[in-house]
file coords.txt (compact mmCIF, C-alpha atoms)
# COMPACT_ATOMS: atom_id res chain seq x y z
CA MET A 1 15.48 -107.68 -3.67
CA ILE A 2 18.38 -105.31 -4.35
CA GLU A 3 21.42 -107.04 -5.84
CA LEU A 4 24.58 -105.09 -6.50
CA LYS A 5 27.85 -106.48 -7.81
CA LEU A 6 29.91 -103.60 -9.05
CA LYS A 7 33.51 -103.29 -10.20
CA LYS A 8 34.91 -100.05 -11.50
CA ASN A 9 38.37 -98.50 -11.67
CA LEU A 10 38.16 -94.72 -11.61
CA VAL A 11 41.28 -92.89 -12.76
CA HIS A 12 42.00 -89.46 -11.29
CA GLY A 13 45.28 -88.25 -12.75
CA LYS A 14 47.88 -90.77 -11.61
CA SER A 15 45.82 -92.35 -8.83
CA VAL A 16 43.28 -95.13 -9.37
CA PHE A 17 40.23 -95.61 -7.15
CA ALA A 18 39.07 -99.24 -7.27
CA LEU A 19 35.42 -99.77 -6.43
CA ASN A 20 34.47 -103.37 -5.73
CA VAL A 21 31.07 -103.85 -4.12
CA ASP A 22 29.10 -107.07 -3.68
CA MET A 23 25.90 -106.93 -1.65
CA SER A 24 22.28 -107.95 -1.75
CA THR A 25 19.35 -107.27 0.53
CA SER A 26 15.65 -107.95 0.64
CA ALA A 27 15.02 -104.80 2.70
CA GLU A 28 12.79 -102.09 1.22
CA THR A 29 15.41 -99.49 2.09
CA LEU A 30 19.17 -99.78 1.96
CA PHE A 31 21.40 -97.14 3.55
CA LEU A 32 24.93 -96.60 2.26
CA VAL A 33 27.01 -95.11 5.04
CA GLY A 34 30.61 -93.98 4.80
CA HIS A 35 33.04 -91.08 4.70
CA SER A 36 33.33 -88.64 1.81
CA GLY A 37 35.14 -90.21 -1.11
CA SER A 38 34.34 -93.77 -0.09
CA GLY A 39 32.37 -94.37 -3.30
CA LYS A 40 28.74 -94.02 -2.15
CA THR A 41 27.62 -91.54 -4.81
CA THR A 42 29.53 -93.51 -7.45
CA ILE A 43 27.39 -96.54 -6.57
CA LEU A 44 24.20 -94.47 -6.94
CA ASN A 45 25.40 -93.11 -10.29
CA MET A 46 26.00 -96.65 -11.54
CA ILE A 47 22.53 -97.78 -10.48
CA ALA A 48 21.01 -94.70 -12.17
CA GLY A 49 22.92 -95.47 -15.37
CA LEU A 50 24.97 -92.27 -15.27
CA LEU A 51 28.20 -94.25 -14.92
CA THR A 52 28.87 -97.68 -16.40
CA PRO A 53 30.61 -100.31 -14.22
CA ASP A 54 33.56 -102.17 -15.73
CA SER A 55 31.77 -105.38 -14.83
CA GLY A 56 29.07 -106.71 -12.52
CA LEU A 57 25.33 -106.88 -12.02
CA ILE A 58 22.60 -104.45 -10.97
CA CYS A 59 19.28 -106.16 -10.34
CA ILE A 60 16.26 -104.59 -8.62
CA ASP A 61 13.32 -106.92 -7.88
CA ASN A 62 14.43 -109.36 -10.60
CA ARG A 63 14.67 -106.55 -13.16
CA ILE A 64 18.18 -106.47 -14.57
CA LEU A 65 19.47 -102.95 -15.15
CA PHE A 66 23.04 -103.98 -15.85
CA ASP A 67 24.69 -107.34 -16.40
CA SER A 68 28.14 -107.46 -17.94
CA LYS A 69 27.88 -111.22 -18.55
CA LEU A 70 24.59 -110.94 -20.46
CA ARG A 71 25.75 -107.65 -22.01
CA ILE A 72 22.71 -105.81 -20.68
CA CYS A 73 23.11 -102.11 -19.96
CA LEU A 74 19.85 -100.17 -19.88
CA PRO A 75 20.28 -96.45 -20.64
CA ALA A 76 19.58 -94.08 -17.73
CA CYS A 77 16.25 -93.00 -19.22
CA ARG A 78 14.90 -96.60 -19.16
CA ARG A 79 16.00 -97.64 -15.67
CA LYS A 80 13.00 -96.24 -13.76
CA ALA A 81 15.40 -95.00 -11.12
CA GLY A 82 14.26 -91.78 -9.44
CA TYR A 83 17.27 -89.83 -8.25
CA LEU A 84 17.33 -87.13 -5.59
CA PHE A 85 20.69 -85.51 -6.19
CA GLN A 86 22.61 -83.90 -3.36
CA ASP A 87 22.45 -80.54 -5.16
CA ASN A 88 18.76 -81.13 -6.15
CA ARG A 89 19.40 -80.21 -9.83
CA LEU A 90 16.02 -78.60 -10.37
CA PHE A 91 15.45 -76.96 -13.76
CA ARG A 92 15.67 -73.21 -13.18
CA HIS A 93 13.72 -72.31 -16.34
CA MET A 94 10.66 -74.21 -15.05
CA ASN A 95 8.41 -73.56 -12.08
CA VAL A 96 7.63 -76.13 -9.37
CA GLU A 97 4.73 -77.77 -11.21
CA GLN A 98 6.58 -77.80 -14.53
CA ASN A 99 9.57 -79.52 -12.90
CA ILE A 100 7.30 -82.29 -11.63
CA SER A 101 5.17 -82.61 -14.77
CA TYR A 102 8.33 -82.75 -16.93
CA ALA A 103 9.13 -86.01 -15.18
CA ALA A 104 5.59 -87.40 -15.09
CA GLY A 105 4.50 -86.43 -18.60
CA LYS A 106 1.49 -84.23 -19.37
CA LYS A 107 -0.97 -87.14 -19.64
CA ASP A 108 -0.55 -87.94 -15.97
CA ARG A 109 -2.25 -84.76 -14.68
CA ASP A 110 -4.15 -86.46 -11.83
CA PHE A 111 -1.02 -88.13 -10.55
CA ILE A 112 0.89 -84.83 -10.71
CA GLY A 113 -1.89 -83.18 -8.67
CA ILE A 114 -1.77 -85.91 -6.00
CA LEU A 115 2.01 -85.73 -5.85
CA ILE A 116 1.98 -81.94 -5.45
CA GLU A 117 -0.65 -82.11 -2.70
CA THR A 118 1.09 -84.96 -0.83
CA ALA A 119 4.38 -83.07 -1.00
CA GLY A 120 2.65 -79.95 0.36
CA LEU A 121 3.62 -77.93 -2.69
CA GLY A 122 0.12 -76.78 -3.64
CA GLU A 123 0.62 -73.18 -2.57
CA ILE A 124 3.97 -72.78 -4.28
CA LYS A 125 3.35 -74.83 -7.41
CA ASN A 126 3.64 -71.76 -9.66
CA TYR A 127 6.78 -70.43 -7.99
CA PRO A 128 10.04 -70.33 -9.95
CA VAL A 129 12.47 -72.73 -8.28
CA SER A 130 15.00 -69.92 -7.74
CA LYS A 131 12.60 -68.38 -5.19
CA LEU A 132 12.37 -71.54 -3.02
CA SER A 133 14.16 -72.24 0.26
CA GLY A 134 16.56 -75.17 0.62
CA GLY A 135 13.91 -77.35 2.29
CA GLN A 136 11.31 -76.56 -0.38
CA LYS A 137 13.79 -77.37 -3.13
CA GLN A 138 14.44 -80.78 -1.55
CA ARG A 139 10.67 -81.45 -1.41
CA VAL A 140 10.25 -80.50 -5.06
CA ALA A 141 13.25 -82.60 -6.05
CA LEU A 142 11.86 -85.59 -4.13
CA ALA A 143 8.40 -85.19 -5.71
CA ARG A 144 10.03 -84.87 -9.14
CA ALA A 145 12.14 -88.00 -8.61
CA LEU A 146 8.96 -89.91 -7.69
CA ALA A 147 6.99 -88.51 -10.63
CA VAL A 148 8.60 -91.12 -12.89
CA ARG A 149 6.95 -93.84 -10.74
CA PRO A 150 10.36 -95.37 -10.05
CA ASP A 151 11.11 -98.99 -9.19
CA ILE A 152 13.98 -97.69 -7.14
CA LEU A 153 14.53 -94.31 -5.51
CA LEU A 154 18.09 -93.10 -5.03
CA LEU A 155 18.67 -90.39 -2.43
CA ASP A 156 22.10 -88.82 -2.15
CA GLU A 157 22.57 -87.29 1.30
CA PRO A 158 19.02 -85.92 1.41
CA PHE A 159 19.37 -84.52 4.94
CA SER A 160 22.86 -83.02 4.73
CA SER A 161 21.77 -79.43 4.01
CA LEU A 162 18.64 -79.47 6.20
CA ASP A 163 18.11 -78.46 9.83
CA PHE A 164 16.21 -80.61 12.33
CA GLU A 165 12.72 -79.43 11.39
CA ARG A 166 13.33 -79.69 7.64
CA THR A 167 14.79 -83.18 8.15
CA GLN A 168 11.65 -84.23 10.00
CA ASP A 169 9.50 -82.69 7.24
CA LEU A 170 11.37 -84.60 4.56
CA ILE A 171 11.13 -87.88 6.48
CA ARG A 172 7.37 -87.36 6.92
CA LEU A 173 7.01 -86.59 3.22
CA TYR A 174 9.10 -89.62 2.32
CA LYS A 175 6.87 -91.86 4.45
CA ASN A 176 3.69 -90.35 2.95
CA LEU A 177 4.99 -90.91 -0.55
CA ARG A 178 6.01 -94.47 0.37
CA SER A 179 2.40 -95.16 1.26
CA LEU A 180 1.31 -93.66 -2.08
CA LEU A 181 3.81 -95.46 -4.32
CA ARG A 182 5.70 -98.71 -3.90
CA PHE A 183 9.41 -98.45 -4.48
CA LYS A 184 12.73 -99.63 -3.11
CA SER A 185 15.14 -97.00 -1.85
CA ILE A 186 18.86 -96.62 -1.56
CA ILE A 187 19.84 -93.71 0.68
CA VAL A 188 23.36 -92.35 1.00
CA THR A 189 24.22 -90.74 4.34
CA HIS A 190 27.36 -89.70 6.16
CA THR A 191 26.49 -91.12 9.55
CA VAL A 192 24.86 -94.21 11.01
CA ARG A 193 22.65 -91.93 13.09
CA GLU A 194 20.90 -90.60 10.00
CA ALA A 195 20.50 -94.13 8.71
CA LEU A 196 18.61 -95.01 11.88
CA LEU A 197 15.99 -92.33 11.25
CA LEU A 198 14.23 -94.73 8.88
CA GLU A 199 13.84 -98.49 8.71
CA GLY A 200 16.20 -100.38 6.48
CA ASP A 201 19.47 -102.27 6.17
CA ILE A 202 22.72 -100.40 6.60
CA ALA A 203 25.77 -101.05 4.44
CA GLU A 204 29.06 -99.47 5.43
CA ILE A 205 31.19 -98.42 2.50
CA LYS A 206 34.92 -97.85 2.96
CA ASN A 207 37.49 -97.25 0.21
CA GLY A 208 35.10 -98.51 -2.46
CA LYS A 209 34.20 -101.72 -0.63
CA CYS A 210 31.20 -102.84 1.39
CA ILE A 211 32.74 -103.81 4.73
CA SER A 212 29.50 -104.65 6.55
CA LEU A 213 25.78 -105.02 5.91
CA ILE A 214 23.54 -105.09 8.97
CA THR A 215 19.84 -105.09 9.81
CA PRO A 216 19.52 -102.99 12.98
CA GLU A 217 17.16 -104.16 15.72
CA LYS A 218 14.07 -102.02 16.03
CA ASP A 219 14.85 -101.00 19.64
CA ILE A 220 18.33 -99.84 18.71
CA ARG A 221 16.89 -97.87 15.83
CA ASN A 222 14.39 -96.16 18.05
CA ASN A 223 16.91 -95.33 20.77
CA ILE A 224 19.77 -94.24 18.57
CA GLY A 225 17.47 -92.48 16.15
CA TYR A 226 16.01 -90.50 19.02
CA CYS A 227 19.48 -89.65 20.35
CA SER A 228 20.56 -88.43 16.95
CA LEU A 229 17.57 -86.13 16.72
CA LEU A 230 18.44 -84.75 20.15
CA ARG A 231 22.02 -84.25 19.06
CA LYS A 232 20.78 -82.33 16.04
CA LEU A 233 18.99 -80.05 18.43
CA ASN A 234 22.23 -79.69 20.41
CA MET A 235 20.41 -80.87 23.52
CA VAL A 236 23.03 -83.48 24.31
CA SER A 237 26.75 -83.07 23.84
CA MET B 1 25.87 -37.60 -45.91
CA ILE B 2 26.53 -41.17 -44.80
CA SER B 3 26.45 -44.04 -47.26
CA MET B 4 23.12 -45.77 -46.66
CA PHE B 5 24.19 -48.58 -49.00
CA SER B 6 27.05 -49.65 -46.72
CA LEU B 7 24.80 -49.52 -43.70
CA MET B 8 22.08 -51.61 -45.36
CA LEU B 9 24.65 -54.06 -46.75
CA SER B 10 26.15 -54.62 -43.31
CA LEU B 11 22.70 -55.15 -41.78
CA LYS B 12 21.71 -57.61 -44.53
CA ILE B 13 24.95 -59.57 -44.02
CA LEU B 14 24.32 -59.59 -40.29
CA LEU B 15 20.76 -60.86 -40.73
CA SER B 16 21.91 -63.54 -43.18
CA ALA B 17 24.57 -64.72 -40.73
CA VAL B 18 22.12 -64.95 -37.80
CA PRO B 19 20.50 -68.31 -38.80
CA LEU B 20 23.95 -69.80 -39.44
CA LEU B 21 25.17 -68.60 -36.05
CA LEU B 22 22.07 -69.93 -34.28
CA LEU B 23 22.48 -73.31 -35.95
CA SER B 24 26.15 -73.39 -34.99
CA ALA B 25 25.20 -72.45 -31.40
CA PHE B 26 22.86 -75.47 -31.21
CA LEU B 27 25.47 -77.79 -32.70
CA VAL B 28 28.24 -76.54 -30.40
CA SER B 29 26.10 -76.95 -27.27
CA TYR B 30 25.01 -80.44 -28.40
CA ALA B 31 28.64 -81.44 -28.94
CA ALA B 32 29.83 -79.81 -25.70
CA VAL B 33 27.35 -81.57 -23.38
CA GLY B 34 29.15 -84.64 -22.05
CA ALA B 35 31.92 -84.29 -24.63
CA GLY B 36 35.08 -86.34 -24.18
CA ARG B 37 38.54 -84.82 -24.13
CA THR B 38 39.12 -85.10 -27.90
CA VAL B 39 35.83 -83.39 -28.81
CA ARG B 40 36.53 -80.64 -26.26
CA VAL B 41 40.01 -79.99 -27.66
CA MET B 42 38.54 -79.79 -31.18
CA LEU B 43 35.76 -77.47 -29.98
CA ASP B 44 38.28 -75.24 -28.19
CA PHE B 45 40.44 -75.16 -31.31
CA PHE B 46 37.63 -74.09 -33.66
CA THR B 47 36.22 -71.70 -31.07
CA ASN B 48 39.47 -69.87 -30.41
CA MET B 49 41.30 -70.15 -33.72
CA PRO B 50 39.37 -67.37 -35.52
CA LEU B 51 40.19 -65.09 -32.57
CA ILE B 52 43.92 -65.81 -32.66
CA PHE B 53 44.50 -66.27 -36.39
CA PRO B 54 44.79 -62.91 -38.23
CA PRO B 55 41.55 -62.07 -40.15
CA MET B 56 43.56 -61.00 -43.19
CA ALA B 57 45.22 -64.44 -43.33
CA THR B 58 41.82 -66.12 -42.87
CA GLY B 59 40.53 -63.97 -45.73
CA PHE B 60 43.45 -65.05 -47.90
CA LEU B 61 42.69 -68.72 -47.20
CA MET B 62 39.02 -68.09 -48.03
CA VAL B 63 40.06 -66.63 -51.40
CA HIS B 64 42.39 -69.58 -51.91
CA PHE B 65 39.68 -72.15 -51.20
CA LEU B 66 36.34 -70.50 -51.95
CA GLY B 67 37.26 -68.29 -54.89
CA GLY B 68 36.55 -69.40 -58.50
CA GLU B 69 40.20 -70.47 -58.87
CA GLY B 70 40.26 -71.97 -55.36
CA ALA B 71 40.38 -75.68 -54.55
CA VAL B 72 36.78 -76.00 -53.34
CA GLY B 73 35.46 -73.44 -55.82
CA ARG B 74 36.92 -75.35 -58.77
CA MET B 75 35.68 -78.70 -57.47
CA PHE B 76 32.07 -77.56 -56.99
CA LYS B 77 32.13 -74.87 -59.68
CA PHE B 78 31.34 -71.75 -57.67
CA ASP B 79 33.03 -68.45 -57.04
CA LEU B 80 32.45 -66.50 -53.84
CA MET B 81 34.92 -63.73 -54.67
CA PHE B 82 33.34 -60.25 -54.58
CA THR B 83 29.93 -61.67 -53.63
CA ARG B 84 27.56 -61.07 -50.73
CA THR B 85 27.59 -64.82 -49.96
CA GLY B 86 31.34 -64.58 -49.44
CA LEU B 87 30.79 -61.68 -47.05
CA VAL B 88 28.15 -63.69 -45.12
CA ILE B 89 30.61 -66.59 -44.70
CA ALA B 90 33.27 -64.13 -43.53
CA ALA B 91 30.72 -62.70 -41.07
CA PHE B 92 29.91 -66.19 -39.81
CA ILE B 93 33.59 -67.03 -39.25
CA ALA B 94 34.07 -63.72 -37.43
CA GLY B 95 31.01 -64.15 -35.19
CA PHE B 96 31.31 -67.88 -34.52
CA PRO B 97 33.95 -67.76 -31.73
CA PHE B 98 31.81 -65.41 -29.67
CA ILE B 99 28.60 -67.41 -29.77
CA ALA B 100 30.47 -70.72 -29.44
CA GLN B 101 32.38 -69.50 -26.39
CA CYS B 102 29.15 -68.29 -24.74
CA MET B 103 27.53 -71.70 -25.33
CA VAL B 104 30.55 -73.63 -24.04
CA ASN B 105 30.65 -71.40 -20.93
CA GLY B 106 26.95 -72.14 -20.34
CA VAL B 107 27.49 -75.88 -20.73
CA ASP B 108 30.47 -75.78 -18.37
CA ALA B 109 28.38 -74.04 -15.70
CA GLY B 110 26.90 -77.34 -14.54
CA LEU B 111 24.60 -78.03 -17.47
CA TYR B 112 25.73 -81.64 -17.76
CA ARG B 113 24.43 -82.22 -14.24
CA LEU B 114 20.98 -81.03 -15.32
CA CYS B 115 21.18 -83.38 -18.30
CA GLU B 116 21.92 -86.27 -15.93
CA ALA B 117 18.85 -85.26 -13.90
CA SER B 118 16.78 -85.27 -17.09
CA TYR B 119 18.06 -88.73 -18.11
CA SER B 120 17.20 -90.07 -14.66
CA LEU B 121 13.67 -88.69 -15.18
CA GLY B 122 13.24 -90.99 -18.16
CA LYS B 123 14.03 -88.50 -20.93
CA GLY B 124 16.31 -89.30 -23.86
CA LYS B 125 19.00 -87.10 -25.36
CA THR B 126 16.76 -85.34 -27.91
CA VAL B 127 14.05 -84.35 -25.41
CA THR B 128 16.73 -83.31 -22.92
CA PHE B 129 18.45 -81.17 -25.55
CA PHE B 130 15.35 -79.24 -26.58
CA ARG B 131 13.64 -78.99 -23.18
CA VAL B 132 16.59 -78.62 -20.83
CA VAL B 133 19.78 -77.66 -22.70
CA ILE B 134 18.44 -74.97 -25.05
CA PRO B 135 16.10 -73.25 -22.50
CA SER B 136 18.92 -73.27 -19.92
CA LEU B 137 21.24 -71.61 -22.45
CA LYS B 138 18.77 -68.89 -23.48
CA ARG B 139 20.82 -66.08 -21.93
CA ASN B 140 24.03 -67.48 -23.38
CA ILE B 141 22.46 -67.53 -26.85
CA ILE B 142 21.36 -63.89 -26.53
CA SER B 143 24.74 -62.76 -25.15
CA GLY B 144 26.58 -64.71 -27.85
CA MET B 145 24.40 -63.29 -30.64
CA LEU B 146 24.89 -59.72 -29.39
CA LEU B 147 28.67 -60.10 -29.16
CA ALA B 148 28.82 -61.80 -32.56
CA SER B 149 26.72 -59.01 -34.11
CA ALA B 150 29.08 -56.33 -32.79
CA ARG B 151 32.06 -58.25 -34.11
CA ILE B 152 30.43 -58.81 -37.52
CA LEU B 153 29.69 -55.10 -37.98
CA GLY B 154 33.34 -54.38 -37.20
CA GLU B 155 34.74 -57.08 -39.49
CA VAL B 156 37.37 -55.78 -41.96
CA GLY B 157 40.14 -58.26 -42.78
CA MET B 158 38.18 -61.15 -44.24
CA SER B 159 35.57 -58.85 -45.85
CA LEU B 160 38.32 -56.95 -47.61
CA MET B 161 39.97 -60.10 -48.97
CA ILE B 162 36.88 -62.00 -50.11
CA GLY B 163 34.68 -58.97 -50.92
CA GLY B 164 37.31 -56.71 -52.42
CA ASN B 165 35.84 -53.50 -50.94
CA ILE B 166 34.01 -52.69 -54.21
CA SER B 167 32.07 -49.47 -53.84
CA GLY B 168 28.33 -50.03 -54.19
CA LYS B 169 28.73 -53.83 -53.98
CA THR B 170 30.85 -55.12 -51.11
CA ASN B 171 31.82 -52.01 -49.11
CA THR B 172 30.54 -52.77 -45.61
CA VAL B 173 30.26 -50.14 -42.84
CA SER B 174 33.71 -50.80 -41.38
CA LEU B 175 35.35 -50.77 -44.79
CA GLU B 176 33.49 -47.56 -45.58
CA ILE B 177 35.18 -45.87 -42.61
CA TYR B 178 38.51 -46.73 -44.23
CA ASN B 179 37.27 -45.52 -47.65
CA ALA B 180 35.95 -42.28 -46.18
CA VAL B 181 39.28 -41.51 -44.48
CA LEU B 182 41.13 -42.20 -47.75
CA ASP B 183 38.76 -39.80 -49.53
CA GLY B 184 39.32 -37.17 -46.83
CA ASN B 185 35.67 -37.42 -45.80
CA ASN B 186 36.29 -37.42 -42.08
CA GLN B 187 32.68 -36.45 -41.34
CA GLN B 188 31.37 -39.72 -42.78
CA ALA B 189 34.12 -41.72 -41.07
CA PHE B 190 33.19 -40.07 -37.78
CA ALA B 191 29.44 -40.73 -38.30
CA PHE B 192 30.03 -44.46 -38.94
CA SER B 193 32.49 -44.73 -36.05
CA LEU B 194 30.01 -43.09 -33.70
CA MET B 195 27.27 -45.44 -34.91
CA LEU B 196 29.43 -48.51 -34.29
CA PHE B 197 30.49 -47.12 -30.90
CA ILE B 198 26.84 -46.68 -29.86
CA PHE B 199 25.99 -50.19 -31.10
CA SER B 200 28.96 -51.81 -29.30
CA GLY B 201 28.19 -49.82 -26.14
CA SER B 202 24.54 -50.92 -26.25
CA VAL B 203 25.62 -54.53 -26.68
CA PHE B 204 27.88 -54.25 -23.64
CA ILE B 205 25.10 -52.71 -21.53
CA CYS B 206 22.56 -55.36 -22.66
CA ILE B 207 24.93 -58.19 -21.70
CA LYS B 208 25.65 -56.64 -18.32
CA MET B 209 21.90 -56.23 -17.69
CA LEU B 210 21.34 -59.87 -18.69
CA ASN B 211 24.04 -60.99 -16.24
CA TYR B 212 22.61 -58.84 -13.44
CA SER B 213 19.07 -60.12 -13.97
CA GLU B 214 20.42 -63.69 -13.89
CA SER B 215 22.36 -63.26 -10.66
CA GLY B 216 19.52 -61.28 -9.09
call {"tool": "encode", "arguments": {"input": "coords.txt", "output": "structure tokens"}}
result
Amino acid sequence: MIELKLKKNLVHGKSVFALNVDMSTSAETLFLVGHSGSGKTTILNMIAGLLTPDSGLICIDNRILFDSKLRICLPACRRKAGYLFQDNRLFRHMNVEQNISYAAGKKDRDFIGILIETAGLGEIKNYPVSKLSGGQKQRVALARALAVRPDILLLDEPFSSLDFERTQDLIRLYKNLRSLLRFKSIIVTHTVREALLLEGDIAEIKNGKCISLITPEKDIRNNIGYCSLLRKLNMVS
Amino acid sequence: MISMFSLMLSLKILLSAVPLLLLSAFLVSYAAVGAGRTVRVMLDFFTNMPLIFPPMATGFLMVHFLGGEGAVGRMFKFDLMFTRTGLVIAAFIAGFPFIAQCMVNGVDAGLYRLCEASYSLGKGKTVTFFRVVIPSLKRNIISGMLLASARILGEVGMSLMIGGNISGKTNTVSLEIYNAVLDGNNQQAFAFSLMLFIFSGSVFICIKMLNYSESG
């Protein structure tokens, strides 16, 4: 169960952006869909503990990460929230394996090995991250986010910088890792089409508010998901 | 014949100031990561002030506070006038803006975002500082130390005020250029100037090479 009740006033110069979100879902995956600046990444940052809400509740599978009434606010390092940032944020002074083992800890060598193999990073595990392509960086960042064995995985526009093939690769990897580890996910995307590529509830965020939360029918998902993939290939206008 | 004493004195002062500068570099980067507006304004002030404020005036204030008759000197019963320790402190003040600015620039180049990534990977502030912040700022530390070294070797104002330019005791390389010209020994002044020119030029080339290797 993902429960989010978030209130936050963000001041930018003279303007104030009021975020007021109240939603809960029992789905394994929750998509946050909306335009740029609607507050999607802000919500992820609050769940990760990188930004503190003014008030509210963040509860993942009965584990309270933040509760203003009970005065609970776990620091980011204790939230067990893996975060795939939009700009991947890999550590440039470490190679691929070191990035992943930094997150997992050195004692967990077997797990690191499995993660690297599942992510298909075996051949490039000693590469410096600066030598990787965009798709490879996303794979490393995803493996690194999962190396903390998270309760919840936060993905901020994971497909935005990838072409069709790389998107498919990442989705395959995501599904493989889902079968390896159990975790809830919250995925931020720009469009509903991307949200239909995977199973899960879809919440539409507009001006800092959740204006709808739907569970798409499987048929719709399959049809629209397929259409979106075709569109990505520019096969339909 | 160049004065080997001045050369050795300047190098010893430089080496003594290095640990202080490194420590300050760590502290500045720790303070700069995720700093609020007040801390940033204070950091900017202390980083830029020694560049803007005249070294001679800084030297005068050092005498006023750190000399035997100075406020701090009297309180803690010490006298840094005409001593090598005084020269090391002057060197630190002269070099600090350069290393501090390099660290702040490194932090501003998206380092806080890497820290956020580290926190989300379950690491606390201390682990993040030593395993992410410092390794990420390695080039900034080297650039800052090189720039600070060049500045320290060229330091005159504060060294003159606190050290007194005493021959055979506190006459650093840069002061010795001045002394040599006063004595009409242009050959020695030229030799020291050339030495400092080569050192400064080497520093510039090293920093450029560091920047190229980073962008490449």
call {"tool": "closest_residue", "arguments": {"input": "coords.txt", "among": "A:Thr29, A:Ser15, A:Thr41, A:Ser130", "to": "chain B", "atoms": "only C-alpha atoms"}}
result
A:Ser130
call {"tool": "residues_near_point", "arguments": {"input": "coords.txt", "point": "(10.5, -84.4, 6.9)", "cutoff": "12 Å", "atoms": "only C-alpha atoms", "output": "ChimeraX atom specification"}}
result
/A:119-120,135-136,138-139,142,158-159,162-177,197-198
call {"tool": "interface_residues", "arguments": {"input": "coords.txt", "of": "chain A", "to": "chain B", "cutoff": "6 Å", "atoms": "only C-alpha atoms", "output": "count of residues only"}}
result
5
call {"tool": "residues_around", "arguments": {"input": "coords.txt", "residues": "stretch 180-183 of chain B", "least_positions_apart": "5", "cutoff": "12 Å", "atoms": "all atoms listed in the file", "output": "list of chain:residue names"}}
result
B:Met1, B:Ile2, B:Ser3, B:Ser6, B:Ser167, B:Asn171, B:Thr172, B:Val173, B:Ser174, B:Leu175, B:Gln188, B:Ala189, B:Phe190, B:Ala191, B:Phe192, B:Ser193
call {"tool": "atom_distance", "arguments": {"input": "coords.txt", "atom1": "atom CA of B:Thr47", "atom2": "atom CA of B:Ile99"}}
result
8.8 Å
call {"tool": "closest_residue", "arguments": {"input": "coords.txt", "among": "B:Val156, B:Leu80, B:Met195, B:Ala100", "to": "B:Ala31", "atoms": "all atoms listed in the file"}}
result
B:Ala100
call {"tool": "atom_distance", "arguments": {"input": "coords.txt", "atom1": "atom CA of A:Ala195", "atom2": "atom CA of A:Leu213"}}
result
12.4 Å
call {"tool": "closest_residue", "arguments": {"input": "coords.txt", "among": "A:Asp61, A:Glu123, A:Glu97, A:Asp151", "to": "A:Tyr83", "atoms": "all atoms listed in the file"}}
result
A:Asp151
call {"tool": "build_atoms", "arguments": {"input": "coords.txt", "residues": "stretch 84-93 of chain A", "atoms": "N, CA, C and O atoms", "output": "PDB file, in the frame of the given file"}}
result
ATOM      1  N   LEU A  84      17.280 -88.419  -6.296  1.00  0.00           N
ATOM      2  CA  LEU A  84      17.330 -87.130  -5.590  1.00  0.00           C
ATOM      3  C   LEU A  84      18.794 -86.785  -5.401  1.00  0.00           C
ATOM      4  O   LEU A  84      19.472 -87.364  -4.561  1.00  0.00           O
ATOM      5  N   PHE A  85      19.275 -85.854  -6.230  1.00  0.00           N
ATOM      6  CA  PHE A  85      20.690 -85.510  -6.190  1.00  0.00           C
ATOM      7  C   PHE A  85      20.980 -84.645  -4.954  1.00  0.00           C
ATOM      8  O   PHE A  85      20.094 -83.945  -4.451  1.00  0.00           O
ATOM      9  N   GLN A  86      22.221 -84.677  -4.535  1.00  0.00           N
ATOM     10  CA  GLN A  86      22.610 -83.900  -3.360  1.00  0.00           C
ATOM     11  C   GLN A  86      22.380 -82.402  -3.593  1.00  0.00           C
ATOM     12  O   GLN A  86      21.984 -81.673  -2.693  1.00  0.00           O
ATOM     13  N   ASP A  87      22.627 -81.961  -4.833  1.00  0.00           N
ATOM     14  CA  ASP A  87      22.450 -80.540  -5.160  1.00  0.00           C
ATOM     15  C   ASP A  87      21.112 -80.287  -5.866  1.00  0.00           C
ATOM     16  O   ASP A  87      20.983 -79.351  -6.637  1.00  0.00           O
ATOM     17  N   ASN A  88      20.161 -81.119  -5.652  1.00  0.00           N
ATOM     18  CA  ASN A  88      18.760 -81.130  -6.150  1.00  0.00           C
ATOM     19  C   ASN A  88      18.569 -81.038  -7.680  1.00  0.00           C
ATOM     20  O   ASN A  88      17.676 -81.622  -8.216  1.00  0.00           O
ATOM     21  N   ARG A  89      19.411 -80.287  -8.364  1.00  0.00           N
ATOM     22  CA  ARG A  89      19.400 -80.210  -9.830  1.00  0.00           C
ATOM     23  C   ARG A  89      18.020 -79.924 -10.420  1.00  0.00           C
ATOM     24  O   ARG A  89      17.587 -80.556 -11.394  1.00  0.00           O
ATOM     25  N   LEU A  90      17.313 -78.994  -9.805  1.00  0.00           N
ATOM     26  CA  LEU A  90      16.020 -78.600 -10.370  1.00  0.00           C
ATOM     27  C   LEU A  90      16.262 -77.740 -11.608  1.00  0.00           C
ATOM     28  O   LEU A  90      17.279 -77.062 -11.713  1.00  0.00           O
ATOM     29  N   PHE A  91      15.302 -77.756 -12.541  1.00  0.00           N
ATOM     30  CA  PHE A  91      15.450 -76.960 -13.760  1.00  0.00           C
ATOM     31  C   PHE A  91      15.002 -75.530 -13.463  1.00  0.00           C
ATOM     32  O   PHE A  91      13.825 -75.287 -13.172  1.00  0.00           O
ATOM     33  N   ARG A  92      15.946 -74.592 -13.579  1.00  0.00           N
ATOM     34  CA  ARG A  92      15.670 -73.210 -13.180  1.00  0.00           C
ATOM     35  C   ARG A  92      14.718 -72.493 -14.135  1.00  0.00           C
ATOM     36  O   ARG A  92      14.112 -71.500 -13.773  1.00  0.00           O
ATOM     37  N   HIS A  93      14.606 -72.983 -15.377  1.00  0.00           N
ATOM     38  CA  HIS A  93      13.720 -72.310 -16.340  1.00  0.00           C
ATOM     39  C   HIS A  93      12.277 -72.811 -16.214  1.00  0.00           C
ATOM     40  O   HIS A  93      11.418 -72.393 -16.976  1.00  0.00           O
TER      41      HIS A  93
END
